[in-house]
>>> print(open('data-v5.txt').read())   # compact mmCIF, C-alpha atoms
# COMPACT_ATOMS: atom_id res chain seq x y z
CA MET L 1 75.17 61.23 54.92
CA VAL L 2 73.74 61.79 58.39
CA THR L 3 71.72 64.97 58.83
CA TRP L 4 72.20 66.50 62.27
CA ARG L 5 69.13 68.34 63.51
CA ARG L 6 68.92 70.47 66.62
CA ARG L 7 65.61 70.54 68.44
CA SER L 8 64.02 72.29 71.37
CA TYR L 9 62.29 70.15 73.98
CA THR L 10 60.06 72.63 75.81
CA GLY L 11 62.92 75.11 76.01
CA VAL L 12 65.14 73.12 78.40
CA MET L 13 68.87 72.56 78.08
CA MET L 14 69.56 69.51 75.93
CA THR L 15 72.09 66.76 76.50
CA GLN L 16 74.21 65.44 73.64
CA ALA L 17 71.95 62.36 73.47
CA GLN L 18 68.88 64.57 73.11
CA ILE L 19 70.49 66.57 70.30
CA LEU L 20 71.59 63.48 68.39
CA THR L 21 68.53 61.24 68.73
CA GLN L 22 66.92 61.08 65.30
CA ALA L 23 64.32 58.31 65.64
CA LEU L 24 62.21 56.45 68.19
CA ILE L 25 61.64 52.75 67.50
CA PHE L 26 58.68 51.22 69.34
CA ASP L 27 57.99 47.63 70.22
CA VAL L 28 54.24 46.87 70.10
CA ASP L 29 52.88 44.17 72.42
CA GLY L 30 53.25 45.29 76.02
CA THR L 31 54.90 48.56 74.96
CA LEU L 32 52.32 50.50 72.97
CA ALA L 33 49.47 48.73 74.77
CA GLU L 34 48.77 45.97 77.28
CA THR L 35 47.83 43.50 74.57
CA GLU L 36 49.14 40.26 76.01
CA ASP L 37 46.02 39.16 77.90
CA CYS L 38 44.04 39.73 74.72
CA HIS L 39 46.52 37.50 72.90
CA ARG L 40 46.19 34.89 75.66
CA ARG L 41 42.40 34.79 75.43
CA ALA L 42 42.56 34.58 71.63
CA PHE L 43 44.90 31.60 71.90
CA ASN L 44 42.53 29.86 74.32
CA GLN L 45 39.51 30.39 72.08
CA THR L 46 41.51 29.05 69.15
CA PHE L 47 42.55 25.93 71.05
CA ALA L 48 38.92 25.25 71.96
CA GLU L 49 37.79 25.69 68.36
CA PHE L 50 40.46 23.22 67.22
CA GLY L 51 39.41 20.67 69.81
CA LEU L 52 42.51 20.91 71.96
CA LYS L 53 42.30 20.88 75.76
CA TRP L 54 45.11 23.40 76.05
CA GLN L 55 44.34 26.29 78.40
CA TRP L 56 46.84 29.06 79.05
CA ASP L 57 46.19 30.82 82.35
CA PRO L 58 48.03 34.09 83.13
CA PRO L 59 50.97 32.54 85.03
CA LEU L 60 51.55 29.95 82.31
CA TYR L 61 51.25 32.54 79.57
CA GLY L 62 53.70 34.79 81.39
CA ALA L 63 56.22 31.95 81.35
CA LEU L 64 55.55 31.24 77.67
CA LEU L 65 56.25 34.87 76.80
CA LYS L 66 59.93 34.09 77.31
CA VAL L 67 59.54 32.56 73.83
CA SER L 68 59.03 35.28 71.22
CA GLY L 69 56.40 34.71 68.53
CA GLY L 70 53.00 33.03 68.64
CA LYS L 71 53.89 30.04 66.48
CA GLU L 72 57.07 29.50 68.43
CA ARG L 73 55.12 29.75 71.69
CA MET L 74 52.68 27.04 70.61
CA ARG L 75 55.52 24.82 69.53
CA ALA L 76 57.29 25.30 72.87
CA PHE L 77 54.09 24.36 74.69
CA TRP L 78 53.65 21.28 72.51
CA HIS L 79 57.08 20.05 73.61
CA ARG L 80 55.66 19.89 77.13
CA HIS L 81 52.59 17.95 75.89
CA PRO L 82 53.75 16.03 72.81
CA HIS L 83 51.01 13.40 73.03
CA ALA L 84 48.27 15.99 72.32
CA VAL L 85 49.22 16.29 68.64
CA PRO L 86 51.23 13.88 66.42
CA ALA L 87 54.57 15.37 65.46
CA ASP L 88 53.94 14.89 61.74
CA ALA L 89 50.76 17.01 61.98
CA LEU L 90 52.21 19.76 64.13
CA ASP L 91 53.43 22.23 61.48
CA GLU L 92 50.11 22.33 59.63
CA LEU L 93 48.13 22.55 62.86
CA ILE L 94 50.21 25.42 64.25
CA ALA L 95 49.92 27.34 60.99
CA GLY L 96 46.14 26.92 60.98
CA MET L 97 45.76 27.84 64.63
CA HIS L 98 47.94 30.89 64.22
CA ARG L 99 45.81 32.13 61.33
CA ARG L 100 42.62 31.67 63.35
CA LYS L 101 44.11 33.22 66.48
CA THR L 102 45.15 36.26 64.44
CA GLU L 103 41.59 36.60 63.11
CA ILE L 104 40.16 36.54 66.64
CA TYR L 105 42.73 38.91 68.08
CA THR L 106 42.54 41.49 65.29
CA GLN L 107 38.74 41.61 65.52
CA TRP L 108 38.96 42.32 69.24
CA VAL L 109 41.66 44.97 69.22
CA ALA L 110 40.36 46.76 66.11
CA SER L 111 37.10 47.27 67.99
CA GLY L 112 38.94 49.06 70.82
CA ALA L 113 39.36 46.18 73.27
CA VAL L 114 42.69 47.57 74.53
CA ALA L 115 43.96 51.10 75.14
CA LEU L 116 47.40 52.62 74.71
CA ARG L 117 49.58 52.49 77.80
CA PRO L 118 49.89 55.69 79.86
CA GLY L 119 52.00 58.37 78.20
CA ILE L 120 52.38 56.64 74.83
CA ALA L 121 50.03 58.89 72.84
CA ARG L 122 51.61 62.01 74.33
CA LEU L 123 55.18 60.86 73.66
CA ILE L 124 54.34 60.05 70.05
CA ALA L 125 52.75 63.49 69.62
CA GLU L 126 55.77 65.20 71.23
CA ALA L 127 58.20 63.24 69.08
CA ARG L 128 56.34 64.15 65.90
CA ALA L 129 56.23 67.81 66.91
CA ALA L 130 59.99 67.73 67.58
CA GLY L 131 60.71 66.25 64.16
CA LEU L 132 61.82 62.81 65.31
CA ARG L 133 61.23 59.91 62.97
CA LEU L 134 59.10 57.03 64.23
CA ALA L 135 59.32 53.31 63.51
CA ILE L 136 58.00 49.96 64.72
CA ALA L 137 60.11 46.87 65.48
CA THR L 138 58.00 43.94 66.65
CA THR L 139 57.77 40.16 66.64
CA THR L 140 54.02 40.26 66.09
CA THR L 141 52.33 40.23 62.68
CA ARG L 142 51.60 43.30 60.58
CA ALA L 143 47.89 42.43 60.80
CA ASN L 144 48.06 42.63 64.59
CA VAL L 145 49.86 45.98 64.47
CA MET L 146 47.37 47.50 62.04
CA ALA L 147 44.40 46.26 64.09
CA LEU L 148 45.86 47.76 67.26
CA MET L 149 46.41 51.09 65.54
CA ALA L 150 42.85 51.06 64.22
CA GLY L 151 41.51 50.39 67.71
CA THR L 152 43.64 52.98 69.51
CA GLY L 153 43.63 55.84 67.01
CA LEU L 154 47.29 55.64 66.04
CA ASN L 155 47.90 56.58 62.41
CA PRO L 156 50.15 54.11 60.56
CA ALA L 157 51.35 57.02 58.41
CA TRP L 158 53.10 58.48 61.45
CA PHE L 159 55.55 55.55 61.39
CA GLU L 160 58.13 55.70 58.63
CA THR L 161 58.64 51.97 58.68
CA MET L 162 57.14 48.97 60.47
CA ALA L 163 59.23 45.81 60.69
CA CYS L 164 57.10 42.89 61.87
CA SER L 165 57.33 39.11 62.10
CA ASP L 166 56.32 39.00 58.43
CA ASP L 167 59.61 40.76 57.62
CA ALA L 168 61.95 39.32 60.25
CA PRO L 169 61.17 35.66 60.99
CA VAL L 170 64.05 35.30 63.47
CA LYS L 171 62.48 36.73 66.60
CA LYS L 172 63.81 38.78 69.50
CA PRO L 173 66.20 38.54 71.35
CA ALA L 174 67.86 38.19 67.94
CA PRO L 175 68.55 41.70 66.56
CA LEU L 176 67.21 41.01 63.03
CA VAL L 177 64.07 43.14 63.30
CA TYR L 178 66.05 46.10 64.64
CA ALA L 179 68.74 45.71 62.00
CA LEU L 180 66.00 45.82 59.37
CA VAL L 181 64.57 49.04 60.80
CA LEU L 182 68.01 50.66 60.86
CA SER L 183 68.56 49.69 57.24
CA ARG L 184 65.22 51.14 56.18
CA LEU L 185 65.76 54.36 58.11
CA GLY L 186 69.32 54.72 56.88
CA LEU L 187 70.46 55.67 60.37
CA ALA L 188 73.32 54.52 62.56
CA ALA L 189 72.18 52.66 65.67
CA PRO L 190 73.35 55.33 68.20
CA LEU L 191 71.07 57.89 66.53
CA CYS L 192 67.98 55.89 67.47
CA LEU L 193 66.24 54.98 70.71
CA ALA L 194 64.31 51.73 71.18
CA ILE L 195 61.32 51.53 73.53
CA GLU L 196 60.64 48.07 74.95
CA ASP L 197 58.79 46.22 77.71
CA SER L 198 60.71 42.93 77.94
CA SER L 199 64.18 41.56 78.45
CA ASN L 200 64.03 39.87 75.04
CA GLY L 201 63.31 43.24 73.46
CA VAL L 202 66.06 44.99 75.39
CA ARG L 203 68.55 42.32 74.40
CA ALA L 204 67.52 42.57 70.74
CA ALA L 205 67.95 46.34 70.65
CA GLN L 206 71.22 46.14 72.53
CA ALA L 207 72.55 43.48 70.14
CA ALA L 208 71.76 45.85 67.26
CA GLY L 209 73.69 48.62 69.03
CA ILE L 210 70.59 50.73 69.70
CA PRO L 211 70.17 52.52 73.07
CA VAL L 212 67.01 51.23 74.72
CA VAL L 213 64.63 52.18 77.52
CA MET L 214 62.20 49.79 79.17
CA SER L 215 58.79 49.94 80.80
CA PRO L 216 57.72 46.46 81.93
CA SER L 217 54.18 45.43 81.06
CA ALA L 218 51.78 43.42 83.20
CA PHE L 219 53.31 40.18 81.93
CA THR L 220 56.99 41.24 82.02
CA GLN L 221 57.23 42.73 85.51
CA GLY L 222 59.84 40.18 86.52
CA ASP L 223 62.03 40.59 83.43
CA ASN L 224 65.66 41.53 83.84
CA PRO L 225 66.16 45.13 82.63
CA ALA L 226 69.93 44.74 82.21
CA GLY L 227 71.09 46.76 79.23
CA ALA L 228 68.32 49.35 79.38
CA LYS L 229 69.54 52.92 79.92
CA ALA L 230 66.37 53.72 81.92
CA VAL L 231 63.41 51.79 83.33
CA TRP L 232 60.01 53.27 84.19
CA PRO L 233 56.79 51.65 85.46
CA ASP L 234 55.02 53.47 82.61
CA PHE L 235 55.53 56.59 80.50
CA GLY L 236 52.78 58.64 82.11
CA GLY L 237 55.22 60.99 83.80
CA VAL L 238 58.04 60.72 81.27
CA SER L 239 58.67 63.71 78.99
CA LEU L 240 60.34 63.43 75.61
CA ALA L 241 63.41 65.15 77.07
CA MET L 242 63.58 62.52 79.83
CA LEU L 243 63.05 59.70 77.34
CA VAL L 244 65.94 60.60 75.05
CA GLY L 245 68.19 62.11 77.73
>>> encode(input="data-v5.txt", output="structure tokens")
Amino acid sequence: MVTWRRRSYTGVMMTQAQILTQALIFDVDGTLAETEDCHRRAFNQTFAEFGLKWQWDPPLYGALLKVSGGKERMRAFWHRHPHAVPADALDELIAGMHRRKTEIYTQWVASGAVALRPGIARLIAEARAAGLRLAIATTTTRANVMALMAGTGLNPAWFETMACSDDAPVKKPAPLVYALVLSRLGLAAPLCLAIEDSSNGVRAAQAAGIPVVMSPSAFTQGDNPAGAKAVWPDFGGVSLAMLVG
């Protein structure tokens, strides 16, 4: 049974969407924080440690971000340079590099290497005060999410559920990770709002039937926002009422 809860957002008149929104579901990379350049540098250090001459500069990495998931990204790059690694050794190599890259990345972000994007901390605080439920839906690993939260001061306990690549191996734009969050929350899709930074994320939320807003990150500025109900450069000037309106 759905529980309908009325809330007051700073005393202003509420739209039907504002009254009915029960949960905010956040993407992580590029949405909570500008993490992607940290990921890129961690990949490059990993490649060097493994003796590969791969080097992902920002434009190349931006193009590779069209492929969701670190392992999938490395595999897509290998298809452009198949002579660098024998095909029969690729799976083991990618698995090993992904483990090492995660170690590097989590050490950096847990130490505070990246900050939350403008407005994110305030929106989370406002949502909690208003009684909205919070969740995470991401294609990154749980280790990466926990490291980011440790480095930015977010409390994992604030989020009722976190669905990560460990839980949903079929990455965005497939809706699997969002479907998993909906199942765990026990909510119908229209009662939630997804917050994304990329077209893959918007498409995933939309495919799951969840309304979605978008704020492009540094690496997704050129992404197509089609399907998002609103698009902002960041959330610095966005109130909770505006977000769910």
>>> atom_distance(input="data-v5.txt", atom1="CA of Val145 (chain L)", atom2="CA of Thr106 (chain L)")
8.6 Å
>>> atom_distance(input="data-v5.txt", atom1="CA of Met149 (chain L)", atom2="CA of Arg128 (chain L)")
16.4 Å
>>> atom_distance(input="data-v5.txt", atom1="CA of Val231 (chain L)", atom2="CA of Phe159 (chain L)")
23.6 Å
>>> closest_residue(input="data-v5.txt", among="L:Asp37, L:Glu72, L:Glu49, L:Asp223", to="Ala95 (chain L)", atoms="all atoms listed in the file")
L:Glu72
>>> residues_around(input="data-v5.txt", residues="Arg122 (chain L)", least_positions_apart="3", cutoff="9 Å", atoms="only C-alpha atoms", output="PyMOL selection string")
chain L and resi 118-119+125-127+236+239-240
>>> residues_around(input="data-v5.txt", residues="Gly70 (chain L)", least_positions_apart="6", cutoff="9 Å", atoms="all atoms listed in the file", output="number ranges by chain")
L: 39, 43, 98, 139-140
>>> residues_around(input="data-v5.txt", residues="Val212 (chain L)", least_positions_apart="4", cutoff="9 Å", atoms="all atoms listed in the file", output="ChimeraX atom specification")
/L:192-196,201-202,205-206,227-230
>>> closest_residue(input="data-v5.txt", among="L:His81, L:Arg117, L:Lys101, L:Lys71", to="Leu32 (chain L)", atoms="all atoms listed in the file")
L:Arg117
>>> closest_residue(input="data-v5.txt", among="L:Val114, L:Ala121, L:Leu180, L:Glu36", to="Leu65 (chain L)", atoms="all atoms listed in the file")
L:Glu36
>>> closest_residue(input="data-v5.txt", among="L:Ala207, L:Val170, L:Ala63, L:Val109", to="Gln221 (chain L)", atoms="all atoms listed in the file")
L:Ala63
>>> closest_residue(input="data-v5.txt", among="L:Ala23, L:Leu148, L:Ala89, L:Ala113", to="Leu182 (chain L)", atoms="only C-alpha atoms")
L:Ala23
>>> closest_residue(input="data-v5.txt", among="L:Leu134, L:Ile120, L:Leu52, L:Ala241", to="Ala157 (chain L)", atoms="all atoms listed in the file")
L:Leu134
>>> residues_near_point(input="data-v5.txt", point="(37.8, 42.4, 66.6)", cutoff="12 Å", atoms="only C-alpha atoms", output="PyMOL selection string")
chain L and resi 38-39+42+101-114+143-144+146-148+150-151
>>> residues_near_point(input="data-v5.txt", point="(55.2, 51.2, 62.4)", cutoff="9 Å", atoms="only C-alpha atoms", output="PyMOL selection string")
chain L and resi 25-26+28+134-138+142+145-146+156-164
>>> write_last_selection(input="data-v5.txt", atoms="C-alpha atoms", output="PDB file, keeping the file's coordinate frame")
ATOM      1  CA  ILE L  25      61.640  52.750  67.500  1.00  0.00           C
ATOM      2  CA  PHE L  26      58.680  51.220  69.340  1.00  0.00           C
ATOM      3  CA  VAL L  28      54.240  46.870  70.100  1.00  0.00           C
ATOM      4  CA  LEU L 134      59.100  57.030  64.230  1.00  0.00           C
ATOM      5  CA  ALA L 135      59.320  53.310  63.510  1.00  0.00           C
ATOM      6  CA  ILE L 136      58.000  49.960  64.720  1.00  0.00           C
ATOM      7  CA  ALA L 137      60.110  46.870  65.480  1.00  0.00           C
ATOM      8  CA  THR L 138      58.000  43.940  66.650  1.00  0.00           C
ATOM      9  CA  ARG L 142      51.600  43.300  60.580  1.00  0.00           C
ATOM     10  CA  VAL L 145      49.860  45.980  64.470  1.00  0.00           C
ATOM     11  CA  MET L 146      47.370  47.500  62.040  1.00  0.00           C
ATOM     12  CA  PRO L 156      50.150  54.110  60.560  1.00  0.00           C
ATOM     13  CA  ALA L 157      51.350  57.020  58.410  1.00  0.00           C
ATOM     14  CA  TRP L 158      53.100  58.480  61.450  1.00  0.00           C
ATOM     15  CA  PHE L 159      55.550  55.550  61.390  1.00  0.00           C
ATOM     16  CA  GLU L 160      58.130  55.700  58.630  1.00  0.00           C
ATOM     17  CA  THR L 161      58.640  51.970  58.680  1.00  0.00           C
ATOM     18  CA  MET L 162      57.140  48.970  60.470  1.00  0.00           C
ATOM     19  CA  ALA L 163      59.230  45.810  60.690  1.00  0.00           C
ATOM     20  CA  CYS L 164      57.100  42.890  61.870  1.00  0.00           C
TER      21      CYS L 164
END
>>> residues_around(input="data-v5.txt", residues="Ser215 (chain L)", least_positions_apart="6", cutoff="8 Å", atoms="only C-alpha atoms", output="list in words")
Thr31, Ile195, Glu196, Asp197, Ser198, Val231, Trp232, Pro233, Asp234 and Phe235 of chain L
